[in-house]
$ cat query.pdb   # PDB, C-alpha atoms, pLDDT in the B column
ATOM      1  CA  MET S   1       0.000   0.000   0.000  1.00 66.00           C
ATOM      2  CA  ASP S   2       1.456   3.311  -1.096  1.00 83.00           C
ATOM      3  CA  LEU S   3       0.211   6.224   0.988  1.00 89.00           C
ATOM      4  CA  SER S   4       2.628   8.733  -0.535  1.00 89.00           C
ATOM      5  CA  LYS S   5       0.085   9.736  -3.204  1.00 92.00           C
ATOM      6  CA  ILE S   6      -2.755  10.205  -0.677  1.00 94.00           C
ATOM      7  CA  LEU S   7      -2.918  13.695   0.805  1.00 94.00           C
ATOM      8  CA  SER S   8      -4.628  15.445   3.646  1.00 94.00           C
ATOM      9  CA  ILE S   9      -5.154  19.126   2.875  1.00 94.00           C
ATOM     10  CA  SER S  10      -5.807  21.451   5.793  1.00 92.00           C
ATOM     11  CA  GLY S  11      -9.093  23.282   5.527  1.00 91.00           C
ATOM     12  CA  ARG S  12     -10.596  20.620   3.247  1.00 92.00           C
ATOM     13  CA  ALA S  13     -12.623  17.603   4.319  1.00 90.00           C
ATOM     14  CA  GLY S  14     -11.502  14.091   3.500  1.00 92.00           C
ATOM     15  CA  LEU S  15      -8.494  12.767   1.660  1.00 95.00           C
ATOM     16  CA  PHE S  16      -7.197  13.418  -1.826  1.00 96.00           C
ATOM     17  CA  LYS S  17      -5.352  11.288  -4.360  1.00 95.00           C
ATOM     18  CA  VAL S  18      -2.622  12.988  -6.426  1.00 95.00           C
ATOM     19  CA  VAL S  19      -3.628  12.826 -10.091  1.00 95.00           C
ATOM     20  CA  SER S  20      -1.252  15.164 -11.875  1.00 94.00           C
ATOM     21  CA  GLN S  21       1.167  18.045 -11.548  1.00 91.00           C
ATOM     22  CA  ALA S  22       0.228  21.456 -12.939  1.00 87.00           C
ATOM     23  CA  LYS S  23       2.456  24.489 -13.410  1.00 88.00           C
ATOM     24  CA  ASN S  24       1.798  25.989  -9.974  1.00 91.00           C
ATOM     25  CA  ALA S  25      -0.441  23.380  -8.322  1.00 93.00           C
ATOM     26  CA  VAL S  26      -1.040  19.699  -7.793  1.00 94.00           C
ATOM     27  CA  ILE S  27      -4.210  18.262  -9.297  1.00 95.00           C
ATOM     28  CA  VAL S  28      -5.918  16.086  -6.708  1.00 95.00           C
ATOM     29  CA  GLU S  29      -9.061  13.974  -6.720  1.00 95.00           C
ATOM     30  CA  SER S  30     -11.301  13.838  -3.657  1.00 95.00           C
ATOM     31  CA  LEU S  31     -11.849  10.342  -2.284  1.00 94.00           C
ATOM     32  CA  ILE S  32     -15.289  11.463  -1.083  1.00 93.00           C
ATOM     33  CA  ASP S  33     -16.895  12.674  -4.318  1.00 94.00           C
ATOM     34  CA  GLN S  34     -14.168  12.003  -6.958  1.00 94.00           C
ATOM     35  CA  LYS S  35     -14.058  15.678  -7.992  1.00 95.00           C
ATOM     36  CA  ARG S  36     -10.734  16.961  -9.253  1.00 95.00           C
ATOM     37  CA  ILE S  37      -9.396  20.246  -7.910  1.00 94.00           C
ATOM     38  CA  PRO S  38      -6.092  22.088  -7.883  1.00 94.00           C
ATOM     39  CA  ALA S  39      -4.168  22.223  -4.610  1.00 94.00           C
ATOM     40  CA  PHE S  40      -1.805  25.175  -4.494  1.00 92.00           C
ATOM     41  CA  GLY S  41       1.546  25.493  -2.746  1.00 88.00           C
ATOM     42  CA  ASN S  42       0.192  27.843  -0.089  1.00 92.00           C
ATOM     43  CA  GLU S  43      -2.144  25.109   1.209  1.00 92.00           C
ATOM     44  CA  LYS S  44      -0.770  22.821   3.888  1.00 94.00           C
ATOM     45  CA  MET S  45      -0.657  19.335   2.355  1.00 94.00           C
ATOM     46  CA  SER S  46       0.527  16.229   4.177  1.00 94.00           C
ATOM     47  CA  SER S  47       1.111  12.858   2.613  1.00 93.00           C
ATOM     48  CA  LEU S  48      -0.297  10.036   4.749  1.00 93.00           C
ATOM     49  CA  GLU S  49       3.088   8.344   4.339  1.00 94.00           C
ATOM     50  CA  GLU S  50       4.682  11.123   6.428  1.00 94.00           C
ATOM     51  CA  ILE S  51       2.141  11.119   9.267  1.00 94.00           C
ATOM     52  CA  SER S  52       2.840   9.238  12.479  1.00 94.00           C
ATOM     53  CA  VAL S  53       1.163   8.864  15.855  1.00 95.00           C
ATOM     54  CA  PHE S  54       2.721   9.220  19.303  1.00 94.00           C
ATOM     55  CA  SER S  55       3.338   5.880  20.981  1.00 92.00           C
ATOM     56  CA  ALA S  56       5.098   4.523  24.060  1.00 89.00           C
ATOM     57  CA  GLY S  57       8.380   4.113  22.156  1.00 87.00           C
ATOM     58  CA  GLU S  58       9.077   5.717  18.805  1.00 90.00           C
ATOM     59  CA  ASP S  59       6.320   7.403  16.827  1.00 93.00           C
ATOM     60  CA  MET S  60       4.241   4.869  14.911  1.00 94.00           C
ATOM     61  CA  PRO S  61       3.699   5.455  11.170  1.00 94.00           C
ATOM     62  CA  LEU S  62       0.073   5.792  10.127  1.00 94.00           C
ATOM     63  CA  LYS S  63       0.572   2.884   7.712  1.00 93.00           C
ATOM     64  CA  ASP S  64       1.317   0.562  10.659  1.00 93.00           C
ATOM     65  CA  ILE S  65      -1.794   1.740  12.491  1.00 93.00           C
ATOM     66  CA  PHE S  66      -3.923   1.103   9.413  1.00 93.00           C
ATOM     67  CA  ARG S  67      -2.382  -2.381   9.115  1.00 93.00           C
ATOM     68  CA  LYS S  68      -3.218  -3.187  12.750  1.00 92.00           C
ATOM     69  CA  MET S  69      -6.763  -1.923  12.308  1.00 93.00           C
ATOM     70  CA  HIS S  70      -7.128  -3.906   9.086  1.00 92.00           C
ATOM     71  CA  ASP S  71      -5.900  -7.089  10.797  1.00 91.00           C
ATOM     72  CA  ASN S  72      -8.197  -6.612  13.799  1.00 90.00           C
ATOM     73  CA  LEU S  73     -11.303  -5.548  11.882  1.00 90.00           C
ATOM     74  CA  LYS S  74     -11.000  -8.103   9.061  1.00 85.00           C
ATOM     75  CA  GLU S  75     -11.787  -5.536   6.331  1.00 81.00           C
ATOM     76  CA  ASN S  76     -14.792  -4.080   8.191  1.00 88.00           C
ATOM     77  CA  LYS S  77     -15.317  -0.401   8.924  1.00 91.00           C
ATOM     78  CA  THR S  78     -14.469   1.052  12.317  1.00 91.00           C
ATOM     79  CA  ILE S  79     -16.908   2.276  14.920  1.00 92.00           C
ATOM     80  CA  ASP S  80     -18.627   5.583  14.213  1.00 92.00           C
ATOM     81  CA  PRO S  81     -15.963   8.317  14.423  1.00 92.00           C
ATOM     82  CA  LYS S  82     -18.604  10.613  15.925  1.00 92.00           C
ATOM     83  CA  SER S  83     -18.907   8.364  18.989  1.00 91.00           C
ATOM     84  CA  ASP S  84     -18.263   9.560  22.527  1.00 94.00           C
ATOM     85  CA  ASN S  85     -14.613  10.372  23.336  1.00 93.00           C
ATOM     86  CA  LYS S  86     -14.338   7.575  25.907  1.00 94.00           C
ATOM     87  CA  ILE S  87     -15.655   4.998  23.418  1.00 94.00           C
ATOM     88  CA  LEU S  88     -13.215   6.245  20.761  1.00 94.00           C
ATOM     89  CA  GLN S  89     -10.253   6.014  23.121  1.00 94.00           C
ATOM     90  CA  GLU S  90     -11.215   2.502  24.269  1.00 94.00           C
ATOM     91  CA  PHE S  91     -11.609   1.349  20.654  1.00 94.00           C
ATOM     92  CA  PHE S  92      -8.281   2.876  19.600  1.00 94.00           C
ATOM     93  CA  LEU S  93      -6.539   1.356  22.630  1.00 94.00           C
ATOM     94  CA  GLU S  94      -7.889  -2.027  21.570  1.00 93.00           C
ATOM     95  CA  MET S  95      -6.564  -1.524  18.012  1.00 92.00           C
ATOM     96  CA  VAL S  96      -3.240   0.109  18.930  1.00 92.00           C
ATOM     97  CA  PRO S  97      -2.381  -0.700  22.572  1.00 93.00           C
ATOM     98  CA  GLU S  98       0.971   1.113  22.470  1.00 93.00           C
ATOM     99  CA  TYR S  99      -0.344   4.557  21.460  1.00 93.00           C
ATOM    100  CA  ASP S 100       0.325   7.447  23.868  1.00 93.00           C
ATOM    101  CA  GLN S 101      -3.031   8.140  25.499  1.00 93.00           C
ATOM    102  CA  GLU S 102      -1.953  11.532  26.828  1.00 93.00           C
ATOM    103  CA  ARG S 103      -0.669  13.009  23.574  1.00 93.00           C
ATOM    104  CA  VAL S 104      -3.147  11.515  21.079  1.00 94.00           C
ATOM    105  CA  TYR S 105      -6.416  13.418  21.395  1.00 94.00           C
ATOM    106  CA  PRO S 106      -9.925  12.173  20.549  1.00 95.00           C
ATOM    107  CA  SER S 107      -9.939  14.552  17.563  1.00 94.00           C
ATOM    108  CA  ASP S 108      -6.838  12.768  16.226  1.00 94.00           C
ATOM    109  CA  ILE S 109      -8.513   9.386  16.692  1.00 95.00           C
ATOM    110  CA  ARG S 110     -11.637  10.631  14.876  1.00 95.00           C
ATOM    111  CA  LYS S 111      -9.527  11.769  11.953  1.00 95.00           C
ATOM    112  CA  ILE S 112      -7.651   8.453  11.768  1.00 94.00           C
ATOM    113  CA  LEU S 113     -10.906   6.465  11.883  1.00 95.00           C
ATOM    114  CA  ASN S 114     -12.463   8.674   9.196  1.00 95.00           C
ATOM    115  CA  TRP S 115      -9.393   8.241   7.003  1.00 94.00           C
ATOM    116  CA  TYR S 116      -9.353   4.475   7.531  1.00 94.00           C
ATOM    117  CA  ASN S 117     -13.033   4.168   6.574  1.00 93.00           C
ATOM    118  CA  LEU S 118     -12.516   6.394   3.527  1.00 94.00           C
ATOM    119  CA  LEU S 119      -9.491   4.399   2.323  1.00 93.00           C
ATOM    120  CA  LEU S 120     -11.354   1.136   2.950  1.00 91.00           C
ATOM    121  CA  SER S 121     -14.431   2.246   1.008  1.00 91.00           C
ATOM    122  CA  ASN S 122     -12.195   3.306  -1.917  1.00 91.00           C
ATOM    123  CA  LYS S 123     -10.325  -0.025  -1.791  1.00 89.00           C
ATOM    124  CA  LEU S 124      -6.979   1.675  -1.165  1.00 88.00           C
ATOM    125  CA  LEU S 125      -5.989  -0.482   1.820  1.00 85.00           C
ATOM    126  CA  ASP S 126      -4.036  -3.325   0.262  1.00 81.00           C
ATOM    127  CA  PHE S 127      -1.415  -4.940   2.459  1.00 73.00           C
ATOM    128  CA  SER S 128      -0.903  -8.044   0.310  1.00 69.00           C
ATOM    129  CA  ASP S 129       2.230  -6.692  -1.410  1.00 59.00           C
ATOM    130  CA  GLU S 130       3.801  -5.912   1.980  1.00 52.00           C
ATOM    131  CA  GLU S 131       2.968  -9.374   3.288  1.00 50.00           C
ATOM    132  CA  GLU S 132       4.683 -10.862   0.226  1.00 48.00           C
ATOM    133  CA  LYS S 133       7.767  -8.693   0.840  1.00 50.00           C
ATOM    134  CA  THR S 134       7.868  -9.788   4.477  1.00 49.00           C
ATOM    135  CA  THR S 135       7.550 -13.443   3.485  1.00 47.00           C
ATOM    136  CA  ILE S 136      10.336 -13.084   0.900  1.00 49.00           C
ATOM    137  CA  GLU S 137      12.606 -11.357   3.440  1.00 54.00           C
ATOM    138  CA  GLU S 138      11.911 -14.098   6.008  1.00 56.00           C
ATOM    139  CA  GLU S 139      12.735 -16.767   3.408  1.00 57.00           C
ATOM    140  CA  LYS S 140      16.012 -14.999   2.537  1.00 54.00           C
ATOM    141  CA  THR S 141      16.932 -14.821   6.222  1.00 59.00           C
ATOM    142  CA  THR S 142      16.139 -18.528   6.673  1.00 59.00           C
ATOM    143  CA  ILE S 143      18.273 -19.435   3.634  1.00 62.00           C
ATOM    144  CA  LYS S 144      21.183 -17.337   4.934  1.00 58.00           C
ATOM    145  CA  GLU S 145      20.919 -18.983   8.358  1.00 60.00           C
ATOM    146  CA  GLU S 146      20.877 -22.424   6.755  1.00 60.00           C
ATOM    147  CA  LYS S 147      23.952 -21.602   4.650  1.00 57.00           C
ATOM    148  CA  THR S 148      25.771 -20.258   7.702  1.00 57.00           C
ATOM    149  CA  THR S 149      24.923 -23.420   9.646  1.00 56.00           C
ATOM    150  CA  GLU S 150      26.031 -25.633   6.747  1.00 56.00           C
ATOM    151  CA  GLU S 151      29.303 -23.710   6.334  1.00 56.00           C
ATOM    152  CA  GLY S 152      29.990 -23.991  10.044  1.00 58.00           C
ATOM    153  CA  THR S 153      29.375 -27.740   9.899  1.00 51.00           C
ATOM    154  CA  THR S 154      31.626 -28.321   6.879  1.00 48.00           C
ATOM    155  CA  LYS S 155      34.492 -26.212   8.226  1.00 48.00           C
ATOM    156  CA  SER S 156      34.579 -28.006  11.562  1.00 49.00           C
ATOM    157  CA  ASP S 157      34.543 -31.481   9.921  1.00 48.00           C
TER     158      ASP S 157
END

$ encode --input "query.pdb" --output "C-alpha cells"
Amino acid sequence: MDLSKILSISGRAGLFKVVSQAKNAVIVESLIDQKRIPAFGNEKMSSLEEISVFSAGEDMPLKDIFRKMHDNLKENKTIDPKSDNKILQEFFLEMVPEYDQERVYPSDIRKILNWYNLLLSNKLLDFSDEEEKTTIEEEKTTIKEEKTTEEGTTKSD
C-alpha cells in the first residue's frame, strides 16, 4: 500500500489522491466525491506516508496503524468516528495498545478512523504486497541462516 500519493489538505474535508502536476499546483481527486481540484503550494498538504502517531516508544507510522486496524477488523469499517470520546479512546486502545493516550487526542482518533473508513471504502488499503515482501525477506533470512549453519558444519569437519 502506497500512501505517498494520498494527501490530507488542511481546511478541506476528507483525503485526496494525487492525479497530476500542474504548473503551480497539484491536481488532486477527492476520495469522497471524486471531484478533481487544484491544490496550491500555499495550502498545507501532508502525505499520509509522512504522518505518524505518538506511541510509548518511537512514533508509529500511520501505515502501521492502518495495518493493525485492518488485521483486527477483518476488512470491516471502524466504529462511528462521531462516537463519545471515551468509546473512541477505548476502541483505539484495543486496536493500537501502544499509542500514547496523553498526547493523542480524541480529535486525532476521529480523523484516523475517518481516514481508515474512507481508504477502505475506496479499496486503497491493500497490504498483500507488503505481506509478500515480508515473506520473501523471512525466506532470505532462513536461507542465509541455513547456509551459515552448513558452512559452520563443513568447516569443523

$ residues_near_point --input "query.pdb" --point "(-6.3, 9.1, 17.8)" --cutoff "12 Å" --atoms "only C-alpha atoms" --output "number ranges by chain"
S: 52-55, 60, 62, 65-66, 81, 85-116

$ residues_around --input "query.pdb" --residues "stretch 26-38 of chain S" --least-positions-apart "3" --cutoff "7 Å" --atoms "only C-alpha atoms" --output "compact mmCIF listing (two decimals) with C-alpha atoms, in the coordinates of the input"
# COMPACT_ATOMS: atom_id res chain seq x y z
CA GLY S 14 -11.50 14.09 3.50
CA LEU S 15 -8.49 12.77 1.66
CA PHE S 16 -7.20 13.42 -1.83
CA LYS S 17 -5.35 11.29 -4.36
CA VAL S 18 -2.62 12.99 -6.43
CA VAL S 19 -3.63 12.83 -10.09
CA SER S 20 -1.25 15.16 -11.88
CA GLN S 21 1.17 18.05 -11.55
CA ALA S 22 0.23 21.46 -12.94

$ closest_residue --input "query.pdb" --among "S:Leu125, S:Leu118, S:Ala39, S:Leu7" --to "S:Ile51" --atoms "all atoms listed in the file"
S:Leu7

$ atom_distance --input "query.pdb" --atom1 "atom CA of S:Ser8" --atom2 "atom CA of S:Ser83"
22.1 Å

$ atom_distance --input "query.pdb" --atom1 "atom CA of S:Gly11" --atom2 "atom CA of S:Leu48"
15.9 Å

$ closest_residue --input "query.pdb" --among "S:Asn42, S:Asn122, S:Asn117, S:Asn76" --to "S:Ile9" --atoms "only C-alpha atoms"
S:Asn42

$ decode --input "query.pdb" --residues "stretch 31-46 of chain S" --atoms "all heavy atoms" --output "compact mmCIF listing (two decimals), in the first residue's frame"
# COMPACT_ATOMS: atom_id res chain seq x y z
N LEU S 31 -11.42 11.72 -2.47
CA LEU S 31 -11.85 10.34 -2.28
C LEU S 31 -13.32 10.28 -1.85
O LEU S 31 -13.91 9.21 -1.86
CB LEU S 31 -10.98 9.64 -1.24
CG LEU S 31 -9.52 9.42 -1.62
CD1 LEU S 31 -8.79 8.66 -0.52
CD2 LEU S 31 -9.37 8.71 -2.94
N ILE S 32 -13.89 11.42 -1.50
CA ILE S 32 -15.29 11.46 -1.08
C ILE S 32 -16.21 11.51 -2.29
O ILE S 32 -17.11 10.70 -2.45
CB ILE S 32 -15.56 12.66 -0.15
CG1 ILE S 32 -14.75 12.49 1.14
CG2 ILE S 32 -17.04 12.81 0.14
CD1 ILE S 32 -14.82 13.68 2.08
N ASP S 33 -15.98 12.50 -3.18
CA ASP S 33 -16.90 12.67 -4.32
C ASP S 33 -16.22 12.56 -5.69
O ASP S 33 -16.84 12.82 -6.71
CB ASP S 33 -17.62 14.01 -4.20
CG ASP S 33 -16.67 15.20 -4.15
OD1 ASP S 33 -15.46 15.02 -4.38
OD2 ASP S 33 -17.15 16.31 -3.86
N GLN S 34 -14.95 12.20 -5.73
CA GLN S 34 -14.17 12.00 -6.96
C GLN S 34 -14.06 13.26 -7.83
O GLN S 34 -13.79 13.17 -9.02
CB GLN S 34 -14.71 10.84 -7.81
CG GLN S 34 -14.34 9.46 -7.30
CD GLN S 34 -14.91 9.12 -5.96
OE1 GLN S 34 -16.09 9.34 -5.71
NE2 GLN S 34 -14.11 8.58 -5.07
N LYS S 35 -14.25 14.43 -7.24
CA LYS S 35 -14.06 15.68 -7.99
C LYS S 35 -12.59 16.05 -7.99
O LYS S 35 -11.90 15.90 -6.98
CB LYS S 35 -14.87 16.82 -7.37
CG LYS S 35 -16.35 16.66 -7.57
CD LYS S 35 -17.09 17.86 -7.02
CE LYS S 35 -18.59 17.70 -7.23
NZ LYS S 35 -19.33 18.82 -6.65
N ARG S 36 -12.13 16.54 -9.13
CA ARG S 36 -10.73 16.96 -9.25
C ARG S 36 -10.63 18.46 -9.02
O ARG S 36 -11.41 19.24 -9.57
CB ARG S 36 -10.19 16.59 -10.62
CG ARG S 36 -10.06 15.09 -10.76
CD ARG S 36 -9.44 14.69 -12.05
NE ARG S 36 -9.32 13.24 -12.09
CZ ARG S 36 -8.62 12.58 -12.97
NH1 ARG S 36 -7.97 13.24 -13.91
NH2 ARG S 36 -8.55 11.27 -12.92
N ILE S 37 -9.62 18.84 -8.23
CA ILE S 37 -9.40 20.25 -7.91
C ILE S 37 -7.90 20.51 -7.87
O ILE S 37 -7.11 19.58 -7.64
CB ILE S 37 -10.03 20.62 -6.55
CG1 ILE S 37 -9.48 19.72 -5.43
CG2 ILE S 37 -11.55 20.56 -6.60
CD1 ILE S 37 -9.84 20.18 -4.04
N PRO S 38 -7.51 21.77 -8.06
CA PRO S 38 -6.09 22.09 -7.88
C PRO S 38 -5.79 22.36 -6.41
O PRO S 38 -6.61 22.94 -5.70
CB PRO S 38 -5.92 23.36 -8.71
CG PRO S 38 -7.27 23.99 -8.70
CD PRO S 38 -8.26 22.87 -8.64
N ALA S 39 -4.65 21.92 -5.96
CA ALA S 39 -4.17 22.22 -4.61
C ALA S 39 -2.89 23.03 -4.78
O ALA S 39 -1.92 22.57 -5.38
CB ALA S 39 -3.91 20.95 -3.84
N PHE S 40 -2.92 24.25 -4.28
CA PHE S 40 -1.80 25.18 -4.49
C PHE S 40 -0.76 25.06 -3.39
O PHE S 40 -1.03 24.53 -2.31
CB PHE S 40 -2.34 26.61 -4.59
CG PHE S 40 -3.27 26.79 -5.76
CD1 PHE S 40 -4.64 26.75 -5.58
CD2 PHE S 40 -2.77 26.97 -7.04
CE1 PHE S 40 -5.51 26.90 -6.66
CE2 PHE S 40 -3.62 27.12 -8.12
CZ PHE S 40 -4.99 27.08 -7.93
N GLY S 41 0.41 25.58 -3.67
CA GLY S 41 1.55 25.49 -2.75
C GLY S 41 1.32 26.17 -1.41
O GLY S 41 1.96 25.82 -0.43
N ASN S 42 0.42 27.15 -1.36
CA ASN S 42 0.19 27.84 -0.09
C ASN S 42 -0.73 27.06 0.85
O ASN S 42 -0.91 27.44 1.99
CB ASN S 42 -0.36 29.24 -0.32
CG ASN S 42 -1.71 29.23 -1.01
OD1 ASN S 42 -2.14 28.22 -1.54
ND2 ASN S 42 -2.38 30.37 -1.00
N GLU S 43 -1.30 25.95 0.37
CA GLU S 43 -2.14 25.11 1.21
C GLU S 43 -1.26 24.07 1.90
O GLU S 43 -0.32 23.56 1.29
CB GLU S 43 -3.21 24.40 0.36
CG GLU S 43 -4.19 25.36 -0.27
CD GLU S 43 -5.20 24.64 -1.13
OE1 GLU S 43 -4.88 24.39 -2.30
OE2 GLU S 43 -6.29 24.35 -0.62
N LYS S 44 -1.57 23.80 3.15
CA LYS S 44 -0.77 22.82 3.89
C LYS S 44 -1.23 21.42 3.51
O LYS S 44 -2.33 21.01 3.83
CB LYS S 44 -0.92 23.03 5.39
CG LYS S 44 0.01 22.14 6.18
CD LYS S 44 -0.01 22.52 7.64
CE LYS S 44 1.04 21.78 8.39
NZ LYS S 44 0.70 20.46 8.81
N MET S 45 -0.36 20.70 2.79
CA MET S 45 -0.66 19.34 2.35
C MET S 45 0.28 18.37 3.07
O MET S 45 1.48 18.63 3.18
CB MET S 45 -0.46 19.20 0.84
CG MET S 45 -1.42 20.02 0.03
SD MET S 45 -1.10 19.87 -1.73
CE MET S 45 0.03 21.24 -1.97
N SER S 46 -0.28 17.26 3.53
CA SER S 46 0.53 16.23 4.18
C SER S 46 0.22 14.89 3.53
O SER S 46 -0.93 14.49 3.43
CB SER S 46 0.19 16.15 5.67
OG SER S 46 0.45 17.36 6.31
